[in-house]
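K.L.:
My file is protein_22.cif. It has mmCIF, C-alpha atoms; chains and numbers go by the auth columns:
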```cif
data_input
loop_
_atom_site.group_PDB
_atom_site.id
_atom_site.type_symbol
_atom_site.label_atom_id
_atom_site.label_comp_id
_atom_site.label_asym_id
_atom_site.label_seq_id
_atom_site.Cartn_x
_atom_site.Cartn_y
_atom_site.Cartn_z
_atom_site.B_iso_or_equiv
_atom_site.auth_seq_id
_atom_site.auth_asym_id
ATOM 1 C CA MET A 1 75.534 148.406 78.105 0.00 1 A
ATOM 2 C CA THR A 2 76.902 149.605 74.759 0.00 2 A
ATOM 3 C CA VAL A 3 74.507 151.591 72.595 0.00 3 A
ATOM 4 C CA ILE A 4 74.864 152.694 68.976 0.00 4 A
ATOM 5 C CA ALA A 5 73.012 155.714 67.624 0.00 5 A
ATOM 6 C CA ASP A 6 72.507 157.003 64.082 0.00 6 A
ATOM 7 C CA ILE A 7 72.046 160.769 64.168 0.00 7 A
ATOM 8 C CA THR A 8 71.861 163.706 61.761 0.00 8 A
ATOM 9 C CA VAL A 9 73.161 167.148 62.692 0.00 9 A
ATOM 10 C CA PRO A 10 73.555 170.441 60.811 0.00 10 A
ATOM 11 C CA ALA A 11 76.902 170.879 59.073 0.00 11 A
ATOM 12 C CA ASN A 12 77.687 173.916 61.213 0.00 12 A
ATOM 13 C CA SER A 13 77.792 171.729 64.339 0.00 13 A
ATOM 14 C CA PHE A 14 81.576 171.408 64.060 0.00 14 A
ATOM 15 C CA GLU A 15 84.448 173.128 62.286 0.00 15 A
ATOM 16 C CA LEU A 16 84.906 170.723 59.376 0.00 16 A
ATOM 17 C CA GLY A 17 81.202 170.878 58.585 0.00 17 A
ATOM 18 C CA ARG A 18 81.235 174.671 58.728 0.00 18 A
ATOM 19 C CA VAL A 19 84.182 174.891 56.334 0.00 19 A
ATOM 20 C CA MET A 20 82.586 172.493 53.845 0.00 20 A
ATOM 21 C CA GLN A 21 79.412 174.565 53.662 0.00 21 A
ATOM 22 C CA ASP A 22 81.247 176.697 51.092 0.00 22 A
ATOM 23 C CA PHE A 23 81.006 173.772 48.645 0.00 23 A
ATOM 24 C CA PRO A 24 77.359 172.969 47.779 0.00 24 A
ATOM 25 C CA ASN A 25 78.153 169.741 45.887 0.00 25 A
ATOM 26 C CA VAL A 26 80.711 168.365 48.302 0.00 26 A
ATOM 27 C CA GLU A 27 80.591 164.816 49.666 0.00 27 A
ATOM 28 C CA ILE A 28 82.694 163.849 52.682 0.00 28 A
ATOM 29 C CA GLU A 29 83.369 160.421 54.125 0.00 29 A
ATOM 30 C CA LEU A 30 85.149 160.372 57.448 0.00 30 A
ATOM 31 C CA GLU A 31 87.927 157.778 57.455 0.00 31 A
ATOM 32 C CA ARG A 32 88.681 158.148 61.146 0.00 32 A
ATOM 33 C CA ILE A 33 89.102 160.853 63.772 0.00 33 A
ATOM 34 C CA VAL A 34 91.594 161.156 66.596 0.00 34 A
ATOM 35 C CA PRO A 35 90.003 163.404 69.237 0.00 35 A
ATOM 36 C CA LEU A 36 92.832 164.483 71.544 0.00 36 A
ATOM 37 C CA ARG A 37 92.865 167.385 73.952 0.00 37 A
ATOM 38 C CA GLU A 38 95.858 168.992 72.264 0.00 38 A
ATOM 39 C CA THR A 39 94.534 168.624 68.733 0.00 39 A
ATOM 40 C CA ILE A 40 91.794 167.198 66.549 0.00 40 A
ATOM 41 C CA ILE A 41 93.028 165.077 63.632 0.00 41 A
ATOM 42 C CA PRO A 42 90.375 163.899 61.179 0.00 42 A
ATOM 43 C CA LEU A 43 91.112 161.924 58.028 0.00 43 A
ATOM 44 C CA PHE A 44 88.381 162.235 55.436 0.00 44 A
ATOM 45 C CA TRP A 45 87.672 161.669 51.745 0.00 45 A
ATOM 46 C CA VAL A 46 86.373 164.585 49.682 0.00 46 A
ATOM 47 C CA SER A 47 84.598 164.248 46.340 0.00 47 A
ATOM 48 C CA GLY A 48 82.042 166.070 44.218 0.00 48 A
ATOM 49 C CA THR A 49 83.958 169.342 44.110 0.00 49 A
ATOM 50 C CA ASP A 50 87.353 170.887 43.305 0.00 50 A
ATOM 51 C CA THR A 51 89.648 169.436 45.967 0.00 51 A
ATOM 52 C CA GLY A 52 92.270 172.067 45.216 0.00 52 A
ATOM 53 C CA GLU A 53 89.824 174.753 46.313 0.00 53 A
ATOM 54 C CA VAL A 54 88.928 172.665 49.372 0.00 54 A
ATOM 55 C CA ALA A 55 92.622 172.498 50.331 0.00 55 A
ATOM 56 C CA GLU A 56 92.978 176.270 49.974 0.00 56 A
ATOM 57 C CA VAL A 57 89.913 177.004 52.108 0.00 57 A
ATOM 58 C CA LEU A 58 91.000 174.537 54.793 0.00 58 A
ATOM 59 C CA ALA A 59 94.529 175.957 54.861 0.00 59 A
ATOM 60 C CA GLY A 60 93.148 179.474 55.205 0.00 60 A
ATOM 61 C CA ASN A 61 90.878 178.578 58.113 0.00 61 A
ATOM 62 C CA PRO A 62 92.138 180.065 61.410 0.00 62 A
ATOM 63 C CA GLN A 63 91.268 176.830 63.252 0.00 63 A
ATOM 64 C CA THR A 64 93.583 174.628 61.159 0.00 64 A
ATOM 65 C CA LYS A 65 97.257 174.010 61.877 0.00 65 A
ATOM 66 C CA THR A 66 98.166 171.848 58.883 0.00 66 A
ATOM 67 C CA VAL A 67 96.364 170.465 55.826 0.00 67 A
ATOM 68 C CA THR A 68 97.747 167.468 53.943 0.00 68 A
ATOM 69 C CA GLN A 69 96.420 165.681 50.862 0.00 69 A
ATOM 70 C CA LEU A 70 97.476 162.097 51.581 0.00 70 A
ATOM 71 C CA THR A 71 96.290 160.298 48.458 0.00 71 A
ATOM 72 C CA LYS A 72 93.977 160.663 45.491 0.00 72 A
ATOM 73 C CA THR A 73 91.827 158.314 43.415 0.00 73 A
ATOM 74 C CA ASP A 74 89.925 159.053 40.215 0.00 74 A
ATOM 75 C CA ASP A 75 87.220 161.063 41.934 0.00 75 A
ATOM 76 C CA LYS A 76 88.138 161.681 45.566 0.00 76 A
ATOM 77 C CA THR A 77 90.995 162.867 47.760 0.00 77 A
ATOM 78 C CA LEU A 78 92.027 161.808 51.259 0.00 78 A
ATOM 79 C CA PHE A 79 92.792 164.764 53.537 0.00 79 A
ATOM 80 C CA GLU A 80 94.433 164.932 56.939 0.00 80 A
ATOM 81 C CA VAL A 81 93.849 168.103 58.913 0.00 81 A
ATOM 82 C CA HIS A 82 95.326 169.093 62.263 0.00 82 A
ATOM 83 C CA TRP A 83 92.910 171.419 64.042 0.00 83 A
ATOM 84 C CA SER A 84 93.697 173.868 66.806 0.00 84 A
ATOM 85 C CA ASP A 85 92.801 173.044 70.404 0.00 85 A
ATOM 86 C CA GLU A 86 89.745 175.354 70.302 0.00 86 A
ATOM 87 C CA ILE A 87 87.235 172.549 69.930 0.00 87 A
ATOM 88 C CA ASN A 88 83.492 172.872 70.226 0.00 88 A
ATOM 89 C CA GLY A 89 80.205 171.454 69.044 0.00 89 A
ATOM 90 C CA ILE A 90 79.799 167.757 68.388 0.00 90 A
ATOM 91 C CA VAL A 91 83.510 166.919 68.714 0.00 91 A
ATOM 92 C CA GLU A 92 83.765 168.417 72.194 0.00 92 A
ATOM 93 C CA ALA A 93 80.580 166.592 73.246 0.00 93 A
ATOM 94 C CA LEU A 94 82.022 163.287 72.009 0.00 94 A
ATOM 95 C CA ILE A 95 85.237 163.802 73.964 0.00 95 A
ATOM 96 C CA GLU A 96 83.330 164.645 77.141 0.00 96 A
ATOM 97 C CA THR A 97 81.065 161.572 76.876 0.00 97 A
ATOM 98 C CA HIS A 98 83.708 159.138 75.543 0.00 98 A
ATOM 99 C CA GLY A 99 81.715 158.594 72.346 0.00 99 A
ATOM 100 C CA LYS A 100 83.257 156.945 69.295 0.00 100 A
ATOM 101 C CA ILE A 101 82.541 157.739 65.636 0.00 101 A
ATOM 102 C CA LEU A 102 81.937 154.506 63.729 0.00 102 A
ATOM 103 C CA GLU A 103 80.834 156.099 60.449 0.00 103 A
ATOM 104 C CA ALA A 104 80.267 159.625 59.214 0.00 104 A
ATOM 105 C CA THR A 105 79.257 161.112 55.884 0.00 105 A
ATOM 106 C CA GLY A 106 78.542 164.729 55.162 0.00 106 A
ATOM 107 C CA ALA A 107 77.396 167.240 52.614 0.00 107 A
ATOM 108 C CA ALA A 108 77.085 171.022 52.599 0.00 108 A
ATOM 109 C CA GLU A 109 74.024 171.163 54.865 0.00 109 A
ATOM 110 C CA THR A 110 73.901 168.056 57.073 0.00 110 A
ATOM 111 C CA TRP A 111 76.059 165.217 58.403 0.00 111 A
ATOM 112 C CA ASP A 112 75.052 161.667 59.288 0.00 112 A
ATOM 113 C CA PHE A 113 76.911 159.957 62.136 0.00 113 A
ATOM 114 C CA ARG A 114 76.894 156.459 63.575 0.00 114 A
ATOM 115 C CA LEU A 115 78.139 156.769 67.146 0.00 115 A
ATOM 116 C CA ARG A 116 78.923 154.243 69.864 0.00 116 A
ATOM 117 C CA PHE A 117 78.631 154.934 73.576 0.00 117 A
ATOM 118 C CA GLU A 118 79.553 152.654 76.453 0.00 118 A
ATOM 119 C CA ALA A 119 76.234 153.284 78.194 0.00 119 A
ATOM 120 C CA HIS A 120 72.846 154.899 77.611 0.00 120 A
ATOM 121 C CA GLU A 121 73.797 157.491 80.204 0.00 121 A
ATOM 122 C CA HIS A 122 76.658 158.692 77.999 0.00 122 A
ATOM 123 C CA LEU A 123 74.323 159.012 75.018 0.00 123 A
ATOM 124 C CA SER A 124 71.934 161.049 77.155 0.00 124 A
ATOM 125 C CA GLU A 125 74.795 163.284 78.312 0.00 125 A
ATOM 126 C CA PHE A 126 75.883 163.739 74.701 0.00 126 A
ATOM 127 C CA ASN A 127 72.370 164.771 73.685 0.00 127 A
ATOM 128 C CA VAL A 128 72.125 167.205 76.596 0.00 128 A
ATOM 129 C CA ALA A 129 75.500 168.730 75.711 0.00 129 A
ATOM 130 C CA LEU A 130 74.421 169.375 72.106 0.00 130 A
ATOM 131 C CA THR A 131 71.032 170.720 73.213 0.00 131 A
ATOM 132 C CA ASP A 132 72.716 173.110 75.636 0.00 132 A
ATOM 133 C CA ASP A 133 74.966 174.195 72.752 0.00 133 A
ATOM 134 C CA GLY A 134 71.925 174.959 70.586 0.00 134 A
ATOM 135 C CA ILE A 135 72.653 172.099 68.157 0.00 135 A
ATOM 136 C CA PRO A 136 69.529 170.282 66.887 0.00 136 A
ATOM 137 C CA VAL A 137 69.944 166.495 66.742 0.00 137 A
ATOM 138 C CA THR A 138 67.792 164.090 64.745 0.00 138 A
ATOM 139 C CA LEU A 139 67.961 160.534 66.097 0.00 139 A
ATOM 140 C CA ARG A 140 67.373 158.207 63.137 0.00 140 A
ATOM 141 C CA HIS A 141 68.053 154.811 64.711 0.00 141 A
ATOM 142 C CA LEU A 142 69.047 153.392 68.087 0.00 142 A
ATOM 143 C CA TYR A 143 70.698 149.967 68.382 0.00 143 A
ATOM 144 C CA ASN A 144 71.303 148.036 71.553 0.00 144 A
ATOM 145 C CA PRO A 145 73.872 146.599 71.475 0.00 145 A
ATOM 146 C CA THR A 146 74.562 146.273 67.730 0.00 146 A
ATOM 147 C CA PRO A 147 72.856 147.268 64.455 0.00 147 A
ATOM 148 C CA PRO A 148 70.853 144.492 62.827 0.00 148 A
ATOM 149 C CA ASP A 149 71.976 143.059 59.496 0.00 149 A
ATOM 150 C CA GLU A 150 70.900 145.335 56.686 0.00 150 A
ATOM 151 C CA VAL A 151 68.654 143.972 53.973 0.00 151 A
ATOM 152 C CA ALA A 152 70.765 143.036 50.975 0.00 152 A
ATOM 153 C CA GLU A 153 68.038 143.365 48.363 0.00 153 A
ATOM 154 C CA LEU A 154 68.517 146.223 45.919 0.00 154 A
ATOM 155 C CA SER A 155 65.858 148.867 45.470 0.00 155 A
ATOM 156 C CA ASP A 156 64.706 149.716 41.939 0.00 156 A
ATOM 157 C CA GLU A 157 66.611 153.019 42.110 0.00 157 A
ATOM 158 C CA GLN A 158 69.816 151.309 43.268 0.00 158 A
ATOM 159 C CA ARG A 159 69.584 148.647 40.572 0.00 159 A
ATOM 160 C CA ASP A 160 68.967 151.284 37.893 0.00 160 A
ATOM 161 C CA ALA A 161 71.950 153.314 39.127 0.00 161 A
ATOM 162 C CA LEU A 162 74.252 150.289 38.994 0.00 162 A
ATOM 163 C CA VAL A 163 73.087 149.174 35.560 0.00 163 A
ATOM 164 C CA THR A 164 73.321 152.660 34.081 0.00 164 A
ATOM 165 C CA ALA A 165 76.767 153.234 35.602 0.00 165 A
ATOM 166 C CA TYR A 166 77.981 149.904 34.217 0.00 166 A
ATOM 167 C CA GLU A 167 76.558 150.459 30.735 0.00 167 A
ATOM 168 C CA ARG A 168 77.982 153.987 30.524 0.00 168 A
ATOM 169 C CA GLY A 169 81.479 152.810 31.520 0.00 169 A
ATOM 170 C CA PHE A 170 81.637 154.373 34.987 0.00 170 A
ATOM 171 C CA PHE A 171 83.431 151.322 36.415 0.00 171 A
ATOM 172 C CA GLU A 172 85.924 150.990 33.556 0.00 172 A
ATOM 173 C CA ILE A 173 89.583 152.043 33.839 0.00 173 A
ATOM 174 C CA PRO A 174 89.842 154.761 32.718 0.00 174 A
ATOM 175 C CA ARG A 175 86.243 155.821 33.220 0.00 175 A
ATOM 176 C CA ARG A 176 84.228 156.684 30.130 0.00 176 A
ATOM 177 C CA VAL A 177 81.866 158.909 32.114 0.00 177 A
ATOM 178 C CA THR A 178 82.237 161.022 35.233 0.00 178 A
ATOM 179 C CA LEU A 179 79.934 160.969 38.233 0.00 179 A
ATOM 180 C CA THR A 180 78.645 164.423 37.292 0.00 180 A
ATOM 181 C CA GLU A 181 77.870 163.387 33.707 0.00 181 A
ATOM 182 C CA LEU A 182 76.158 160.234 34.906 0.00 182 A
ATOM 183 C CA ALA A 183 74.083 162.146 37.458 0.00 183 A
ATOM 184 C CA GLU A 184 73.003 164.684 34.831 0.00 184 A
ATOM 185 C CA SER A 185 71.877 161.896 32.495 0.00 185 A
ATOM 186 C CA MET A 186 69.763 160.438 35.319 0.00 186 A
ATOM 187 C CA ASP A 187 68.431 163.866 36.371 0.00 187 A
ATOM 188 C CA ILE A 188 69.648 163.586 39.968 0.00 188 A
ATOM 189 C CA SER A 189 72.373 165.334 41.959 0.00 189 A
ATOM 190 C CA ASP A 190 75.958 164.098 42.212 0.00 190 A
ATOM 191 C CA SER A 191 75.482 163.522 45.932 0.00 191 A
ATOM 192 C CA ALA A 192 72.279 161.512 45.501 0.00 192 A
ATOM 193 C CA LEU A 193 73.831 159.309 42.824 0.00 193 A
ATOM 194 C CA SER A 194 77.012 158.757 44.823 0.00 194 A
ATOM 195 C CA GLN A 195 75.048 157.664 47.891 0.00 195 A
ATOM 196 C CA ARG A 196 72.780 155.448 45.770 0.00 196 A
ATOM 197 C CA LEU A 197 75.769 153.721 44.168 0.00 197 A
ATOM 198 C CA ARG A 198 77.544 153.198 47.505 0.00 198 A
ATOM 199 C CA ARG A 199 74.453 151.650 49.081 0.00 199 A
ATOM 200 C CA ALA A 200 73.859 149.479 46.016 0.00 200 A
ATOM 201 C CA LEU A 201 77.456 148.240 45.963 0.00 201 A
ATOM 202 C CA ALA A 202 77.331 147.546 49.706 0.00 202 A
ATOM 203 C CA SER A 203 74.196 145.448 49.176 0.00 203 A
ATOM 204 C CA VAL A 204 75.808 143.519 46.321 0.00 204 A
ATOM 205 C CA VAL A 205 78.909 142.812 48.408 0.00 205 A
ATOM 206 C CA ARG A 206 76.819 141.628 51.364 0.00 206 A
ATOM 207 C CA GLN A 207 74.743 139.367 49.149 0.00 207 A
ATOM 208 C CA SER A 208 77.374 138.054 46.736 0.00 208 A
ATOM 209 C CA VAL A 209 80.600 138.098 48.749 0.00 209 A
ATOM 210 C CA ILE A 210 80.002 138.237 52.492 0.00 210 A
ATOM 211 C CA ALA A 211 77.065 135.831 52.540 0.00 211 A
ATOM 212 C CA GLU A 212 78.819 133.273 50.334 0.00 212 A
ATOM 213 C CA SER A 213 82.058 133.401 52.321 0.00 213 A
ATOM 214 C CA SER A 214 80.378 133.131 55.744 0.00 214 A
ATOM 215 C CA PRO A 215 80.811 129.663 57.257 0.00 215 A
ATOM 216 C CA ALA A 216 77.670 127.636 57.732 0.00 216 A
ATOM 217 C CA THR A 217 76.574 127.069 61.315 0.00 217 A
ATOM 218 C CA ASP A 218 74.940 124.013 62.773 0.00 218 A
ATOM 219 C CA SER A 219 71.286 124.408 63.579 0.00 219 A
#
```
Output the file's structure as structure tokens, nothing else.
P.N.:
Amino acid sequence: MTVIADITVPANSFELGRVMQDFPNVEIELERIVPLRETIIPLFWVSGTDTGEVAEVLAGNPQTKTVTQLTKTDDKTLFEVHWSDEINGIVEALIETHGKILEATGAAETWDFRLRFEAHEHLSEFNVALTDDGIPVTLRHLYNPTPPDEVAELSDEQRDALVTAYERGFFEIPRRVTLTELAESMDISDSALSQRLRRALASVVRQSVIAESSPATDS
């Protein structure tokens, strides 16, 4: 039976995480990953740091074949990187156990993954593979077979972040304040504010858009 696991691992568990440790304020959102034997091709968004420097460091890494900046928004850049076939760590374990990455976000020190396995046995094999590799794994949640609906209600911190961002012109085009400036005014880190805003916006969408557009069901 399918099982979904939310885990946290150190950034040095795989090559991309190791490279990004050079950027203490970096935020990474994995768009998707194609784990093939001949190459590893992740697409990921980078924000919170100088993406030009990120491109240079990635290009200079001996494990990368090509680095491409696919597109750019106001505050983040989409990268595509072709890795060499010398895979290890969490990516190799996923290939061996047929695991799929549903979501992944990372910073300089840790990465959070939501993974799907076709059976509990594969999840156990994945955990054993990382343990044998010396990679500590923190299991945050386990869903069988699917994650429950998340609560749509905003926390006080999320509501304050949204209101402040709106009042300061963060959502205007062009923006009147950057993420860094907004975070400094709220006395929190760029990464913490970015995550708080994403969770708040996700809650608003679930409550105001998804819920209203869902068809009613007969009782």
K.L.:
May I ask which of the residues A:Gln158, A:Ser84, A:Asn25, A:Asn144 is the closest one to Leu197 of chain A, counting all atoms listed in the file?
P.N.:
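Using all atoms listed in the file, the shortest distance to Leu197 of chain A belongs to A:Gln158.
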K.L.:
Using the chain letters and numbers from the file, give me the residues hit by the PyMOL selection byres ((chain A and resi 10) around 10), as a PyMOL selection string.
P.N.:
chain A and resi 8-9+11-14+17-18+106-112+135-138
K.L.:
Name the residues that the PyMOL selection byres ((chain A and resi 168-170) around 12) pulls out of this structure, and write them as a PyMOL selection string.
P.N.:
chain A and resi 74-75+160-167+171-183+185-186+194+197
K.L.:
Draw an axis-aligned box over all listed atoms of segment 115-119 of chain A, pad each side with 3 Å, and write its centre and edge lengths in Å, one decimal, as JSON.
P.N.:
```
{"center_x": 77.9, "center_y": 154.7, "center_z": 72.7, "size_x": 9.3, "size_y": 10.1, "size_z": 17.0}
```
K.L.:
Let me know the residues the PyMOL selection byres ((chain A and resi 48) around 10) catches in the file above, as a list of chain:residue names.
P.N.:
A:Phe23, A:Pro24, A:Asn25, A:Val26, A:Glu27, A:Ile28, A:Val46, A:Ser47, A:Thr49, A:Asp50, A:Thr51, A:Asp75, A:Lys76, A:Ala107, A:Leu179, A:Thr180, A:Ser189, A:Asp190, A:Ser191, A:Ser194
K.L.:
Could you tell me how far atom CA of Ser124 of chain A lies from atom CA of Phe44 of chain A, in Å and to one decimal?
P.N.:
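Interatomic distance, atom CA of Ser124 of chain A to atom CA of Phe44 of chain A: 27.3 Å.
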K.L.:
Around (93.5, 173.1, 48.1) in the file's own coordinates, what residues are found within 12 Å if you use all atoms listed in the file, given back as a list of chain:residue names?
P.N.:
A:Val46, A:Thr49, A:Asp50, A:Thr51, A:Gly52, A:Glu53, A:Val54, A:Ala55, A:Glu56, A:Val57, A:Leu58, A:Ala59, A:Gly60, A:Asn61, A:Thr66, A:Val67, A:Thr68, A:Gln69, A:Thr77, A:Leu78, A:Phe79, A:Val81
K.L.:
What is the atom CA of Phe126 of chain A to atom CA of Glu96 of chain A distance in Å?
P.N.:
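Interatomic distance, atom CA of Phe126 of chain A to atom CA of Glu96 of chain A: 7.9 Å.
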K.L.:
Find the distance between atom CA of Glu80 of chain A and atom CA of Gln21 of chain A and write it in Å to one decimal.
P.N.:
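Between atom CA of Glu80 of chain A and atom CA of Gln21 of chain A the gap is 18.1 Å.
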K.L.:
Which residues come within 8 Å of Glu31 of chain A, counting all atoms listed in the file, excluding same-chain residues fewer than 4 positions away, as a tab-separated table (two decimals) with C-alpha atoms, keeping the file's coordinate frame?
P.N.:
```
chain	number	residue	atom	x	y	z
A	42	PRO	CA	90.38	163.90	61.18
A	43	LEU	CA	91.11	161.92	58.03
A	44	PHE	CA	88.38	162.24	55.44
A	45	TRP	CA	87.67	161.67	51.74
A	103	GLU	CA	80.83	156.10	60.45
```
K.L.:
Measuring between all atoms listed in the file, which one of A:Leu102, A:Leu70, A:Leu139, A:Leu193 shows the shortest distance to Leu115 of chain A?
P.N.:
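Ranked by minimum distance to Leu115 of chain A, first place goes to A:Leu102.
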K.L.:
Restricting the calculation to all atoms listed in the file, which member of A:Arg114, A:Asp156, A:Tyr143, A:Val19 is positioned closest to Ile7 of chain A?
P.N.:
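Result for the nearest residue to Ile7 of chain A: A:Arg114.
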